[in-house]
Amino acid sequence: MAATSAPVTEAAAAAAAPGRWQSARFRRRVAAGVIFAAMVVVAVVMLYPFWYMGDNSFRNQSQFDLQHGHSIAGWTQLFQDLPVVHEMISSTIVCAASIAIILVVSTTAGFAFAKLRYRGSGLVFLLIVAAMMVPLQSVIIPEYVNLAKFNLTSSYTGAVLLYAALGAPFATFLMATYYRGISDELIEAAVMDGLSYERTFLRIALPLSIPALATVTVLQFIQIWDDLLVGYLFLPTNDRTITVGLAVLSSGRTTGIPPLMAGSLLSAVPAIAVYLFFQRYLIRGLTLGMGK
Amino acid sequence: MSATLDPPARRPGRSRLARRRRRAGMLLSIPAVVLVAGLLWVPIGQAVRYSLTTWDGYSAPTWIGPSAYTSAFSDPIVHRVLENNALLLLAVPFAIGIPLVIAVLLHEHVRGWKFFRSVYFLPTAISWVVIGMVALQFFADKGILNQLLSDVGLGFVHTDMLASQYTALAALAITFIWSMIGTNTIIFLTGMATLDPTLLEAAKVDGLSRWQTFYRVTLPLLTRFIQFSFVITVISAFSALFSLIFVMTGGGPGLGTTTLEFFVYQAGFAQGQFGTGALYGIVLFVIMIIVGIGQLRLIRPDDGEGW
């Protein structure tokens, strides 16, 4: 059994010469192996739910009960009996509209707080950023009263506005931080060339901030796509998002598990896709809150 | 104040420009102010007002005043709910400790560490609703956990965690810890990337073991990041678990998994007590503020020497 791979030779040599057991290189290799094994274990724990969803979506109820055999029953049931396609469209509309509002208010305000300071702008900035501390549950009852009063719960409008308001504080903070990094000279030069401050924002600052826009978009997309409470309370029953639809079905305890697992997987696909493509923007946004 | 922002003084019409800049600043901040004030700060004010009344949302509210708070805090049901919140805090050390270990191991950069990092962070993209549905199957009477136990020959330890109050809360806490792993691991990895590699080298040269290096060098330098993840974790535990509770237990059995945030929903929307619901919401808000501010005092590092 001549050396087929490096680790084998290493181990054999170590066994042959007991002194080598003490070698730093060998110990490092063992440590790396142990760490690798630990990481595989963690990976299995983290990925198991995805495998479980996939596995059990391809069953019918009796196959699920027995945990044996597969079929496409879960998926056909999902698309035949449940309004998932409409719900996916609702989710998309709600996300797109909310994110559009968040991008508009956070870029304009972020630019103002970073580059166009006025008397009291620091205080206004604080007021907006401090709203990050407001938990949704603390305002949910007044929201319900207000949105119902203005008749905004019979369409997407109420939920969209609330999502936008909930996302705006952090987005504004992030954009202001980003715009502070743009040099004042650049802005003033544009103004000297005859552009108004508003146009300078649109033509100079906004194009420069596309990476920050991506971060805000990705963070908010995942946040809103995955939300239950706002959508559950403020969207009309016929226009529920996929996340709300699944939660209601699940809590009803009458829908079989296979279609629920298929629906879960379906609902997770857009968020996972966004995650995979824009991972670095997501991570940047998450860690930006830590500041310097 | 604005003078510091101005370009060099040679420009003509400086003050006119400054005035235009201020006006543009106000104009551009209006949309955000309207949105945030109208949908967050005004409702907080309303919630405070509602909390001082008894109101079913339809008929005229009855004014109670501050005694609404004293009577709420002497209610044994509220005590039970707050107990759940307190017990949930027991999950926090695990939700921070496990990712800390994972981050340290990832930082060793063994083969495939980037792949592992992506995998660990993946659940962050998944909704609590989906996580809750799988967790429900995991902890169920005929679920995955019991299957696993019997597979390894521990079939006699049959569990039905969701069937009784404290075990249901434990199941919720375990699911919560699992969900926080990705976020906190990323926070710690970001922290470790800021560490000066020569410090770790120096520790090695000085003959410190891996454990000593972690405990004496890495950990103290990560204090700021541990604080940050502490705040994120507590805020999540207290205000992000609605969907998980909704899907996994519906707050039960009994009040077993009803935390303050879920109690707001139940009081307001299941029982139609808008006044009491708003009151619990305000209590939650105050707790969040205390967590946000208090943590700075609690675990402020003494110039990097321990914590």
# chains A, B, ... in the order shown; residues from 1 in each chain; ligands from 1
>>> interface_residues(of="chain B", to="chain A", cutoff="7 Å", atoms="only C-alpha atoms", output="PyMOL selection string")
chain B and resi 7+21-22+24-25+28-29+31-33+35-36+39-40+43-44+46-47+105+110+116+119-120+125-127+129-130+134+187+228+239+243+247+261+264+268+274+278+281-282+284-285+288-289
>>> residues_around(residues="range 190-193 of chain B", least_positions_apart="5", cutoff="9 Å", atoms="only C-alpha atoms", output="VMD selection string")
(chain A and resid 287) or (chain B and resid 103 to 104 107 185 218 221 to 222 224 to 226)
>>> closest_residue(among="A:Ile89, A:Val34, A:Ala96, A:Ala73", to="Thr217 in chain A", atoms="only C-alpha atoms")
A:Ala96
>>> atom_distance(atom1="CA of Trp128 in chain B", atom2="CA of Leu241 in chain B")
7.5 Å
>>> atom_distance(atom1="CA of Ala212 in chain A", atom2="CA of Ile99 in chain A")
13.3 Å
>>> residues_around(residues="range 151-165 of chain B", least_positions_apart="3", cutoff="8 Å", atoms="only C-alpha atoms", output="PyMOL selection string")
chain B and resi 139-141+145-148+168-171+249+252-257
>>> atom_distance(atom1="CA of Met180 in chain B", atom2="CA of Leu122 in chain B")
11.0 Å
>>> residues_around(residues="Asn238 in chain A", least_positions_apart="3", cutoff="10 Å", atoms="only C-alpha atoms", output="tab-separated table (two decimals) with C-alpha atoms, in the first residue's frame")
chain	number	residue	atom	x	y	z
A	83	PRO	CA	-53.66	30.25	-4.68
A	86	HIS	CA	-51.50	34.77	-7.05
A	87	GLU	CA	-49.77	34.96	-3.67
A	90	SER	CA	-48.87	39.71	-4.43
A	154	SER	CA	-58.79	46.94	1.21
A	155	SER	CA	-55.81	47.17	-1.13
A	235	LEU	CA	-53.70	42.92	3.29
A	241	THR	CA	-48.52	37.37	0.20
A	245	GLY	CA	-50.85	32.47	2.94
>>> select_by_dssp(residues="range 25-257 of chain B", states="strand (DSSP E)", output="number ranges by chain")
B: 53-54, 62-63
>>> select_by_dssp(residues="range 66-193 of chain B", states="alpha helix (DSSP H)", output="compact mmCIF listing (two decimals) with N, CA and C atoms, in the first residue's frame")
# COMPACT_ATOMS: atom_id res chain seq x y z
N SER B 67 -53.30 54.39 36.18
CA SER B 67 -53.57 53.19 36.97
C SER B 67 -53.73 51.96 36.06
N ALA B 68 -53.95 52.19 34.75
CA ALA B 68 -54.00 51.06 33.82
C ALA B 68 -52.70 50.26 33.90
N TYR B 69 -51.59 50.98 34.07
CA TYR B 69 -50.29 50.30 34.13
C TYR B 69 -50.13 49.53 35.44
N THR B 70 -50.52 50.16 36.56
CA THR B 70 -50.35 49.46 37.84
C THR B 70 -51.23 48.22 37.89
N SER B 71 -52.44 48.32 37.34
CA SER B 71 -53.28 47.12 37.40
C SER B 71 -52.77 46.06 36.42
N ALA B 72 -52.17 46.48 35.30
CA ALA B 72 -51.60 45.48 34.38
C ALA B 72 -50.46 44.74 35.04
N PHE B 73 -49.61 45.47 35.76
CA PHE B 73 -48.44 44.83 36.36
C PHE B 73 -48.79 43.97 37.58
N PRO B 76 -51.62 38.47 37.23
CA PRO B 76 -50.78 37.26 37.16
C PRO B 76 -50.56 36.78 35.72
N ILE B 77 -51.51 37.06 34.83
CA ILE B 77 -51.34 36.65 33.43
C ILE B 77 -50.16 37.41 32.81
N VAL B 78 -50.08 38.69 33.13
CA VAL B 78 -48.97 39.50 32.62
C VAL B 78 -47.64 38.98 33.19
N HIS B 79 -47.66 38.60 34.46
CA HIS B 79 -46.45 38.04 35.07
C HIS B 79 -46.00 36.80 34.32
N ARG B 80 -46.96 35.95 33.97
CA ARG B 80 -46.63 34.72 33.25
C ARG B 80 -46.00 35.05 31.89
N VAL B 81 -46.56 36.05 31.21
CA VAL B 81 -46.04 36.45 29.90
C VAL B 81 -44.62 37.01 30.03
N LEU B 82 -44.43 37.87 31.04
CA LEU B 82 -43.09 38.44 31.24
C LEU B 82 -42.09 37.36 31.63
N GLU B 83 -42.57 36.35 32.35
CA GLU B 83 -41.70 35.23 32.71
C GLU B 83 -41.20 34.54 31.43
N ASN B 84 -42.10 34.39 30.45
CA ASN B 84 -41.68 33.79 29.18
C ASN B 84 -40.59 34.61 28.52
N ASN B 85 -40.75 35.93 28.53
CA ASN B 85 -39.71 36.79 27.96
C ASN B 85 -38.39 36.59 28.69
N ALA B 86 -38.46 36.54 30.02
CA ALA B 86 -37.25 36.37 30.81
C ALA B 86 -36.59 35.03 30.51
N LEU B 87 -37.41 33.99 30.41
CA LEU B 87 -36.86 32.66 30.12
C LEU B 87 -36.21 32.61 28.75
N LEU B 88 -36.80 33.35 27.82
CA LEU B 88 -36.24 33.38 26.47
C LEU B 88 -34.83 33.97 26.47
N VAL B 92 -30.11 33.43 24.89
CA VAL B 92 -29.18 34.42 24.32
C VAL B 92 -27.71 33.98 24.39
N PRO B 93 -27.23 33.47 25.56
CA PRO B 93 -25.82 33.04 25.59
C PRO B 93 -25.50 31.97 24.54
N PHE B 94 -26.47 31.08 24.28
CA PHE B 94 -26.25 30.05 23.26
C PHE B 94 -26.27 30.67 21.86
N ALA B 95 -27.20 31.60 21.66
CA ALA B 95 -27.33 32.23 20.34
C ALA B 95 -26.11 33.09 20.02
N ILE B 96 -25.33 33.43 21.04
CA ILE B 96 -24.09 34.19 20.81
C ILE B 96 -22.88 33.26 20.86
N GLY B 97 -22.86 32.35 21.84
CA GLY B 97 -21.71 31.48 22.05
C GLY B 97 -21.44 30.53 20.90
N ILE B 98 -22.49 29.87 20.41
CA ILE B 98 -22.31 28.91 19.33
C ILE B 98 -21.75 29.59 18.08
N PRO B 99 -22.37 30.69 17.63
CA PRO B 99 -21.79 31.38 16.47
C PRO B 99 -20.37 31.88 16.71
N LEU B 100 -20.05 32.23 17.94
CA LEU B 100 -18.69 32.70 18.25
C LEU B 100 -17.69 31.58 17.98
N VAL B 101 -18.02 30.38 18.46
CA VAL B 101 -17.15 29.23 18.22
C VAL B 101 -17.06 28.94 16.72
N ILE B 102 -18.21 28.97 16.03
CA ILE B 102 -18.22 28.71 14.60
C ILE B 102 -17.34 29.72 13.86
N ALA B 103 -17.46 30.99 14.26
CA ALA B 103 -16.67 32.03 13.59
C ALA B 103 -15.18 31.80 13.81
N VAL B 104 -14.81 31.41 15.03
CA VAL B 104 -13.39 31.17 15.31
C VAL B 104 -12.89 30.01 14.45
N LEU B 105 -13.71 28.96 14.32
CA LEU B 105 -13.30 27.82 13.51
C LEU B 105 -13.21 28.20 12.04
N LEU B 106 -14.21 28.98 11.56
CA LEU B 106 -14.16 29.41 10.15
C LEU B 106 -12.92 30.25 9.90
N TRP B 113 -13.84 26.80 3.62
CA TRP B 113 -14.47 27.64 4.63
C TRP B 113 -15.45 28.66 4.04
N LYS B 114 -15.17 29.09 2.82
CA LYS B 114 -16.09 30.05 2.19
C LYS B 114 -17.44 29.40 1.89
N PHE B 115 -17.36 28.16 1.45
CA PHE B 115 -18.60 27.42 1.19
C PHE B 115 -19.40 27.27 2.49
N PHE B 116 -18.69 26.87 3.55
CA PHE B 116 -19.38 26.70 4.84
C PHE B 116 -20.01 28.01 5.31
N ARG B 117 -19.28 29.08 5.11
CA ARG B 117 -19.80 30.38 5.53
C ARG B 117 -21.13 30.68 4.83
N SER B 118 -21.17 30.43 3.52
CA SER B 118 -22.41 30.66 2.77
C SER B 118 -23.54 29.78 3.29
N VAL B 119 -23.21 28.53 3.57
CA VAL B 119 -24.23 27.59 4.05
C VAL B 119 -24.79 28.05 5.40
N TYR B 120 -23.92 28.49 6.30
CA TYR B 120 -24.38 28.86 7.64
C TYR B 120 -25.25 30.10 7.61
N PHE B 121 -24.99 30.94 6.61
CA PHE B 121 -25.72 32.20 6.55
C PHE B 121 -27.05 32.04 5.81
N TRP B 128 -39.38 33.30 9.06
CA TRP B 128 -39.67 32.60 10.30
C TRP B 128 -40.85 31.65 10.10
N VAL B 129 -41.73 31.98 9.17
CA VAL B 129 -42.89 31.12 8.91
C VAL B 129 -42.42 29.76 8.42
N VAL B 130 -41.51 29.78 7.44
CA VAL B 130 -41.00 28.52 6.89
C VAL B 130 -40.19 27.77 7.95
N ILE B 131 -39.35 28.49 8.66
CA ILE B 131 -38.56 27.86 9.73
C ILE B 131 -39.50 27.22 10.75
N GLY B 132 -40.54 27.96 11.10
CA GLY B 132 -41.50 27.45 12.08
C GLY B 132 -42.20 26.19 11.61
N MET B 133 -42.52 26.12 10.32
CA MET B 133 -43.22 24.94 9.82
C MET B 133 -42.34 23.70 9.91
N VAL B 134 -41.07 23.86 9.57
CA VAL B 134 -40.17 22.71 9.67
C VAL B 134 -39.92 22.37 11.15
N ALA B 135 -39.79 23.40 11.98
CA ALA B 135 -39.57 23.17 13.41
C ALA B 135 -40.75 22.41 14.02
N LEU B 136 -41.93 22.74 13.54
CA LEU B 136 -43.14 22.05 14.01
C LEU B 136 -43.03 20.55 13.73
N GLN B 137 -42.55 20.21 12.53
CA GLN B 137 -42.37 18.80 12.18
C GLN B 137 -41.22 18.18 12.97
N PHE B 138 -40.24 19.00 13.31
CA PHE B 138 -39.09 18.49 14.04
C PHE B 138 -39.48 18.07 15.46
N PHE B 139 -40.24 18.92 16.12
CA PHE B 139 -40.57 18.67 17.53
C PHE B 139 -41.85 17.87 17.72
N ILE B 144 -39.36 14.50 13.66
CA ILE B 144 -37.98 14.16 13.33
C ILE B 144 -37.16 13.86 14.58
N LEU B 145 -37.36 14.67 15.61
CA LEU B 145 -36.56 14.51 16.84
C LEU B 145 -36.76 13.12 17.43
N ASN B 146 -38.02 12.71 17.55
CA ASN B 146 -38.28 11.39 18.10
C ASN B 146 -37.76 10.28 17.21
N GLN B 147 -37.82 10.51 15.89
CA GLN B 147 -37.26 9.56 14.94
C GLN B 147 -35.76 9.42 15.16
N LEU B 148 -35.10 10.57 15.29
CA LEU B 148 -33.66 10.57 15.53
C LEU B 148 -33.32 9.83 16.82
N LEU B 149 -34.08 10.13 17.87
CA LEU B 149 -33.82 9.51 19.16
C LEU B 149 -33.93 7.99 19.06
N SER B 150 -34.98 7.51 18.38
CA SER B 150 -35.14 6.06 18.32
C SER B 150 -34.09 5.46 17.38
N ASP B 151 -33.66 6.22 16.37
CA ASP B 151 -32.61 5.73 15.46
C ASP B 151 -31.29 5.48 16.19
N GLN B 165 -46.10 23.36 28.59
CA GLN B 165 -45.75 24.78 28.53
C GLN B 165 -44.25 25.06 28.44
N TYR B 166 -43.47 24.56 29.40
CA TYR B 166 -42.07 24.98 29.42
C TYR B 166 -41.25 24.30 28.35
N THR B 167 -41.60 23.05 28.02
CA THR B 167 -40.86 22.40 26.94
C THR B 167 -41.17 23.06 25.60
N ALA B 168 -42.41 23.54 25.44
CA ALA B 168 -42.76 24.24 24.20
C ALA B 168 -41.91 25.51 24.07
N LEU B 169 -41.75 26.19 25.20
CA LEU B 169 -40.91 27.40 25.17
C LEU B 169 -39.46 27.03 24.84
N ALA B 170 -39.01 25.88 25.38
CA ALA B 170 -37.65 25.42 25.07
C ALA B 170 -37.52 25.12 23.59
N ALA B 171 -38.55 24.49 23.01
CA ALA B 171 -38.52 24.19 21.57
C ALA B 171 -38.43 25.48 20.77
N LEU B 172 -39.19 26.46 21.19
CA LEU B 172 -39.16 27.77 20.53
C LEU B 172 -37.75 28.38 20.64
N ALA B 173 -37.17 28.28 21.84
CA ALA B 173 -35.85 28.86 22.08
C ALA B 173 -34.79 28.17 21.21
N ILE B 174 -34.90 26.84 21.10
CA ILE B 174 -33.92 26.10 20.29
C ILE B 174 -34.02 26.54 18.82
N THR B 175 -35.25 26.65 18.33
CA THR B 175 -35.45 27.11 16.96
C THR B 175 -34.88 28.51 16.77
N PHE B 176 -35.10 29.34 17.77
CA PHE B 176 -34.57 30.71 17.73
C PHE B 176 -33.04 30.71 17.66
N ILE B 177 -32.41 29.89 18.50
CA ILE B 177 -30.94 29.81 18.50
C ILE B 177 -30.44 29.39 17.11
N TRP B 178 -31.10 28.36 16.56
CA TRP B 178 -30.72 27.89 15.22
C TRP B 178 -30.79 29.04 14.22
N SER B 179 -31.86 29.82 14.31
CA SER B 179 -32.06 30.90 13.33
C SER B 179 -31.06 32.03 13.47
N MET B 180 -30.54 32.21 14.68
CA MET B 180 -29.61 33.32 14.89
C MET B 180 -28.18 32.98 14.50
N ILE B 181 -27.90 31.70 14.25
CA ILE B 181 -26.52 31.28 14.00
C ILE B 181 -25.91 32.04 12.83
N GLY B 182 -26.65 32.14 11.71
CA GLY B 182 -26.10 32.80 10.53
C GLY B 182 -25.74 34.26 10.79
N THR B 183 -26.71 34.99 11.33
CA THR B 183 -26.50 36.42 11.56
C THR B 183 -25.32 36.65 12.49
N ASN B 184 -25.31 35.97 13.62
CA ASN B 184 -24.25 36.22 14.59
C ASN B 184 -22.88 35.74 14.11
N THR B 185 -22.87 34.63 13.34
CA THR B 185 -21.59 34.17 12.80
C THR B 185 -21.00 35.24 11.89
N ILE B 186 -21.84 35.83 11.05
CA ILE B 186 -21.35 36.87 10.14
C ILE B 186 -20.82 38.07 10.93
N ILE B 187 -21.53 38.44 12.00
CA ILE B 187 -21.08 39.56 12.82
C ILE B 187 -19.68 39.27 13.38
N PHE B 188 -19.50 38.06 13.90
CA PHE B 188 -18.20 37.73 14.51
C PHE B 188 -17.10 37.58 13.46
N LEU B 189 -17.48 37.05 12.29
CA LEU B 189 -16.47 36.94 11.23
C LEU B 189 -15.99 38.32 10.80
N THR B 190 -16.95 39.26 10.71
CA THR B 190 -16.59 40.63 10.38
C THR B 190 -15.64 41.17 11.44
N GLY B 191 -15.95 40.87 12.70
CA GLY B 191 -15.09 41.31 13.79
C GLY B 191 -13.70 40.72 13.69
N MET B 192 -13.63 39.43 13.39
CA MET B 192 -12.32 38.78 13.34
C MET B 192 -11.49 39.28 12.17
N ALA B 193 -12.19 39.70 11.11
CA ALA B 193 -11.45 40.24 9.96
C ALA B 193 -10.75 41.54 10.33
